[in-house]
Structures are given as C-alpha cells and as structure tokens.
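*Asks:* After the structure tokens below, expect a handful of questions from me.
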Amino acid sequence: MAVPAAAMGPSALGQSGPGSMASWCSVTSGPTRYVLGMQELFRGHSKTREFPAHSAKVHSVAWSCDGRRLASGSFDKTASVFLLEKDRLVKENNYRGHGDSVDQLCWHPSNPDLFVTASGDKTIRIWDVRTTKCIATVNTKGENINICWSPDGQTIAVGNKDDVVTFIDAKTHRSKAEEQFKFEVNEISWNNDNNMFFLTNGNGCINILSYPELKPVQSINAHPSNCICIKFDPMGKYFATGSADALVSLWDVDELVCVRCFSRLDWPVRTLSFSHDGKMLASASEDHFIDIAEVETGDKLWEVQCESPTFTVAWHPKRPLLAFACDDKDGKYDSSREAGTVKLFGLPNDS
C-alpha cells in the first residue's frame, strides 16, 4: 500500500559502503561563482517567517505559475491560498469542501487561477481563486495521496493508497484512463515534454511509461530502498529522486543515468524542489534542516534551520524564496497541538 511521504516515519537507512551511491558522490575543488553569489545573497536574506495557515499540520505547499500565490493543503481538510506581498504572505482565502485530509495539491501549469487538491475523501477538487469556488469535484476509487497536472494543462493524474493512478481530463473532469500498479506508488510526475510519465515506488525503482499510451518504457533501480519523491528541473535537463536511504539522486533526463547524488541528510528524503533557474535543489526530511545544494556540483550552498521534520518544500517560480511546512507543535499552550503554519525562507534580514 502506498504511504503519503508526509506520513512516513523513521526508516531503515541504506548503508554507504564502498559499492553504494554515497561512495561515488562528486567532489569538487572549491565553490563556484554561482555558489558564492547565492551565499552572499542568503547572508543578507536568511530570514524565515511563519504565517498561520491551518488548524493542523500542513502536508503540501505549491506556488502558482506566476508566483503571485502560494497554496497549502492540510490535515484539517482545507486548502489555504496566500498572496505574496513584498516580504510576506497575506492569507487570501480558505477553501473548504473536502471531507478528509488534503494530502497534496498543485496548480495548473500555465493558468495562475486554478489549483487542484487530492484528499483522503476519495475525491479531487479543482478550485478557481477568482471566484474562490470549487469548479469541479471528481469522484475517484480510493483515498488520494498524490496529484500532478500535466505540463500541457490537459490532464490531472491522481494516485491513491491502493496504487491506482487515474488520469482525469482537466476540461470535462472525466476519467480518461486508469492504471493499477503491482507495486507501492509513492509519487508521480510527467516529464517536461509531456510524453512520459514517471512513478517512484516502494522497491526503490523509477518506473517510466510512455504518454498517452501508458506503455512501460523503462524501470530504473534508483535506490536500495523505498524511492519516495521525484521532481523535474524547470530547464528540462535533470530530474531528482529522494529515498528512504536518505540520498537524493540527480538524473540526466535524456540519458536516464544518475549523474550525482547528495548525501547530507540522515533521514528518508520526503520532499524536493528545484529553484526557478534549475541551479539549486532543496531537499528535506526529518532532519532539522533543509539542505540547499548547487545542482551542477552537489556542493552545499545553504541550510535552512527548522525545529521539526519538514513535509514539503517549494521554490518560488521567479525568485530565491523557499516556502515550506514542518511538523510543528504549538508549544505556547499545548505541546501536542499542531501549529499548521506555512514558512517562507529567503526574506531580507531587516524585514
């Protein structure tokens, strides 16, 4: 059975002996000009601010394609949308209607007004920020835990806990295809060209299907343990996967070979995000920091401190701002109460 990345607990970690991926991670000779420039920027923009969003933990954050809005989905069964103003997020609306946890959400790739939520209530809902209404509720067969919108905007893919992926026409809101997989499906994504569909699975593999035919193209043994998350870089050069062995691996899109890996985290990698220029990769886990790496070298560029495990990270589509959400407890009144905040890193220190 598939498990949402946000729900994953501590896991048996892969060893990094001589034959493993960690042992051939690249080493370079001193920081590049890009790294030095970004470190200089972050020295003056290292502030993280918290914004109240929900009454329970936040599972997913995502930016609209124009970067004007950030959406968050929560265990409290709602989605929230914020407007990005100068150096802060201002809550615009709360979206109610789901009968269970909102496990993942994503925006339309080119229309900044539409986003879609996947919920354990066996539905997905498409929302329009202009009317603040749900414009479609699509019933599905199981409890939904992951969702993505195709780069051409025509199709929404949703995966459930029973490892069924349903492809839904974004205009008619009807199911176009449905695939039952024999393995644990963790995260799903189209490639940027929209002609292949990728799934990460519980056996450490990346399964690649042709699209729209959905015929198997290749299965890559990516990690020795559970392969949890996958993200494509906006430039179309690489994709990255994160795994229960605490490694992030970077893959060449055309060659489908692993070009390098990042091994600074100690816990299963739950969430990944490429910066808008494709040059930085943020990765997070139960470690109390978010690792920011330079993609081309694997070098550590920065780390963002956090007090608890991180469920979700998302770089802004135009600026070096990182939205994220952690398993925070509201310690002021009750240490077991979830805080439900959304965080933003990269703000000016004097803001």
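Each chain of the structure tokens is named A, B, ... in the order shown, its residues numbered from 1; ligands are numbered from 1 in display order.
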Using only C-alpha atoms, which protein or nucleic acid residues come within 7 Å of stretch 101-116 of chain A? Drop anything in the same chain fewer than 4 positions from it, and give the result as a ChimeraX atom specification.
*Replies:* /A:59-60,62,64-66,73-78,120,124-130,145-149,151,153
*Asks:* Could those selected residues go to a file with N, CA and C atoms, as a compact mmCIF listing (two decimals), in the first residue's frame?
*Replies:*
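Dumped everything to selection-v4.txt:
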# COMPACT_ATOMS: atom_id res chain seq x y z
N HIS A 59 0.48 19.51 4.83
CA HIS A 59 1.11 18.43 4.08
C HIS A 59 1.80 18.90 2.80
N SER A 60 1.31 19.98 2.21
CA SER A 60 1.74 20.32 0.85
C SER A 60 1.69 21.83 0.65
N ALA A 62 2.53 24.82 -2.60
CA ALA A 62 2.85 24.97 -4.02
C ALA A 62 2.56 26.40 -4.46
N SER A 64 1.65 29.23 -7.48
CA SER A 64 1.04 29.40 -8.80
C SER A 64 2.14 29.70 -9.82
N CYS A 65 1.86 29.47 -11.10
CA CYS A 65 2.91 29.59 -12.12
C CYS A 65 3.48 31.01 -12.21
N ASP A 66 2.68 32.03 -11.86
CA ASP A 66 3.18 33.42 -11.91
C ASP A 66 3.84 33.85 -10.60
N GLY A 73 -2.10 22.74 1.63
CA GLY A 73 -3.12 21.73 1.92
C GLY A 73 -2.82 21.08 3.25
N SER A 74 -3.88 20.78 4.02
CA SER A 74 -3.66 20.38 5.41
C SER A 74 -4.49 19.18 5.84
N PHE A 75 -4.03 18.59 6.92
CA PHE A 75 -4.76 17.54 7.63
C PHE A 75 -6.11 18.06 8.14
N ASP A 76 -6.27 19.39 8.23
CA ASP A 76 -7.54 19.95 8.72
C ASP A 76 -8.64 19.96 7.65
N LYS A 77 -8.39 19.29 6.51
CA LYS A 77 -9.37 19.09 5.41
C LYS A 77 -9.55 20.30 4.52
N THR A 78 -8.72 21.33 4.70
CA THR A 78 -8.88 22.54 3.88
C THR A 78 -7.60 22.84 3.09
N GLY A 120 -8.10 12.35 1.06
CA GLY A 120 -8.47 11.03 1.53
C GLY A 120 -9.96 10.74 1.44
N ILE A 124 -11.09 14.44 -5.90
CA ILE A 124 -10.20 15.58 -6.12
C ILE A 124 -11.10 16.77 -6.40
N ARG A 125 -10.62 17.96 -6.06
CA ARG A 125 -11.40 19.17 -6.31
C ARG A 125 -10.54 20.19 -7.04
N ILE A 126 -11.13 20.80 -8.06
CA ILE A 126 -10.46 21.88 -8.79
C ILE A 126 -11.07 23.20 -8.30
N TRP A 127 -10.20 24.15 -7.97
CA TRP A 127 -10.65 25.43 -7.38
C TRP A 127 -10.19 26.58 -8.27
N ASP A 128 -10.99 27.65 -8.26
CA ASP A 128 -10.66 28.87 -9.01
C ASP A 128 -10.52 30.02 -8.02
N VAL A 129 -9.34 30.63 -7.97
CA VAL A 129 -9.11 31.69 -6.98
C VAL A 129 -9.89 32.97 -7.30
N ARG A 130 -10.35 33.12 -8.55
CA ARG A 130 -11.11 34.33 -8.91
C ARG A 130 -12.50 34.31 -8.28
N ILE A 145 -3.61 10.34 -2.43
CA ILE A 145 -2.46 10.85 -1.68
C ILE A 145 -1.47 11.64 -2.54
N ASN A 146 -1.53 11.49 -3.88
CA ASN A 146 -0.63 12.31 -4.69
C ASN A 146 -1.30 12.75 -5.98
N ILE A 147 -0.86 13.91 -6.47
CA ILE A 147 -1.54 14.50 -7.63
C ILE A 147 -0.55 15.35 -8.41
N CYS A 148 -0.72 15.38 -9.73
CA CYS A 148 0.08 16.28 -10.56
C CYS A 148 -0.73 16.68 -11.79
N TRP A 149 -0.40 17.84 -12.33
CA TRP A 149 -1.08 18.38 -13.50
C TRP A 149 -0.10 18.30 -14.67
N PRO A 151 2.10 19.06 -17.96
CA PRO A 151 2.66 20.34 -18.42
C PRO A 151 1.81 21.05 -19.47
N GLY A 153 -1.39 21.11 -19.42
CA GLY A 153 -2.61 21.56 -18.73
C GLY A 153 -3.84 20.73 -19.00
*Asks:* Can you tell me, as a list of chain:residue names, what residues are no more than 6 Å from A:Glu143 when counting only C-alpha atoms, ignoring any on the same chain fewer than 4 positions away?
*Replies:* A:Gly120, A:Asp121, A:Lys122, A:Asn160, A:Lys161
*Asks:* Save the residues we just selected, C-alpha atoms, as a compact mmCIF listing (two decimals), in the first residue's frame?
*Replies:*
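Below is the file part_34.txt, written as the result:
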# COMPACT_ATOMS: atom_id res chain seq x y z
CA GLY A 120 -8.47 11.03 1.53
CA ASP A 121 -12.24 11.55 0.97
CA LYS A 122 -11.93 9.78 -2.45
CA ASN A 160 -4.41 6.59 -4.26
CA LYS A 161 -3.43 4.38 -1.33
*Asks:* Kindly give the distance, in Å, that separates atom CA of A:Ala323 and atom CA of A:Gly346, rounded to a single decimal.
*Replies:* 9.0 Å
*Asks:* Quick one: everything within 7 Å of A:Lys318, counting only C-alpha atoms, minus sequence neighbours fewer than 2 positions away in the same chain. Send it as number ranges by chain.
*Replies:* A: 67, 276, 316
*Asks:* With only C-alpha atoms as the counted atoms, please give the residues lying no more than 6 Å from stretch 165-170 of chain A, apart from itself and same-chain residues fewer than 6 positions off, as a list in words.
*Replies:*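 Using only C-alpha atoms, the neighbours found are Gln154, Thr155, Ile156, Ala157, Val158, Gly159, Lys176, Ala177, Glu178 and Glu179 of chain A.
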*Asks:* Could you save those same residues with N, CA and C atoms as a PDB file, in the first residue's frame?
*Replies:*
ATOM      1  N   GLN A 154      -3.729  19.682 -19.827  1.00  0.00           N
ATOM      2  CA  GLN A 154      -4.932  18.957 -20.259  1.00  0.00           C
ATOM      3  C   GLN A 154      -5.358  17.827 -19.335  1.00  0.00           C
ATOM      4  N   THR A 155      -4.428  17.340 -18.522  1.00  0.00           N
ATOM      5  CA  THR A 155      -4.712  16.131 -17.749  1.00  0.00           C
ATOM      6  C   THR A 155      -4.238  16.277 -16.309  1.00  0.00           C
ATOM      7  N   ILE A 156      -5.023  15.724 -15.389  1.00  0.00           N
ATOM      8  CA  ILE A 156      -4.627  15.643 -13.984  1.00  0.00           C
ATOM      9  C   ILE A 156      -4.468  14.157 -13.649  1.00  0.00           C
ATOM     10  N   ALA A 157      -3.336  13.799 -13.066  1.00  0.00           N
ATOM     11  CA  ALA A 157      -3.132  12.417 -12.624  1.00  0.00           C
ATOM     12  C   ALA A 157      -3.203  12.387 -11.109  1.00  0.00           C
ATOM     13  N   VAL A 158      -3.930  11.396 -10.586  1.00  0.00           N
ATOM     14  CA  VAL A 158      -4.060  11.272  -9.130  1.00  0.00           C
ATOM     15  C   VAL A 158      -3.804   9.823  -8.726  1.00  0.00           C
ATOM     16  N   GLY A 159      -3.011   9.658  -7.665  1.00  0.00           N
ATOM     17  CA  GLY A 159      -2.708   8.319  -7.169  1.00  0.00           C
ATOM     18  C   GLY A 159      -3.327   8.105  -5.805  1.00  0.00           C
ATOM     19  N   LYS A 176      -9.975   9.550 -18.033  1.00  0.00           N
ATOM     20  CA  LYS A 176      -9.560   9.130 -19.372  1.00  0.00           C
ATOM     21  C   LYS A 176      -8.908   7.753 -19.351  1.00  0.00           C
ATOM     22  N   ALA A 177      -8.251   7.437 -18.253  1.00  0.00           N
ATOM     23  CA  ALA A 177      -7.535   6.162 -18.136  1.00  0.00           C
ATOM     24  C   ALA A 177      -7.283   5.886 -16.662  1.00  0.00           C
ATOM     25  N   GLU A 178      -7.063   4.600 -16.389  1.00  0.00           N
ATOM     26  CA  GLU A 178      -6.804   4.202 -15.010  1.00  0.00           C
ATOM     27  C   GLU A 178      -5.820   3.046 -15.040  1.00  0.00           C
ATOM     28  N   GLU A 179      -4.802   3.122 -14.169  1.00  0.00           N
ATOM     29  CA  GLU A 179      -3.789   2.070 -14.143  1.00  0.00           C
ATOM     30  C   GLU A 179      -3.644   1.550 -12.717  1.00  0.00           C
TER      31      GLU A 179
END
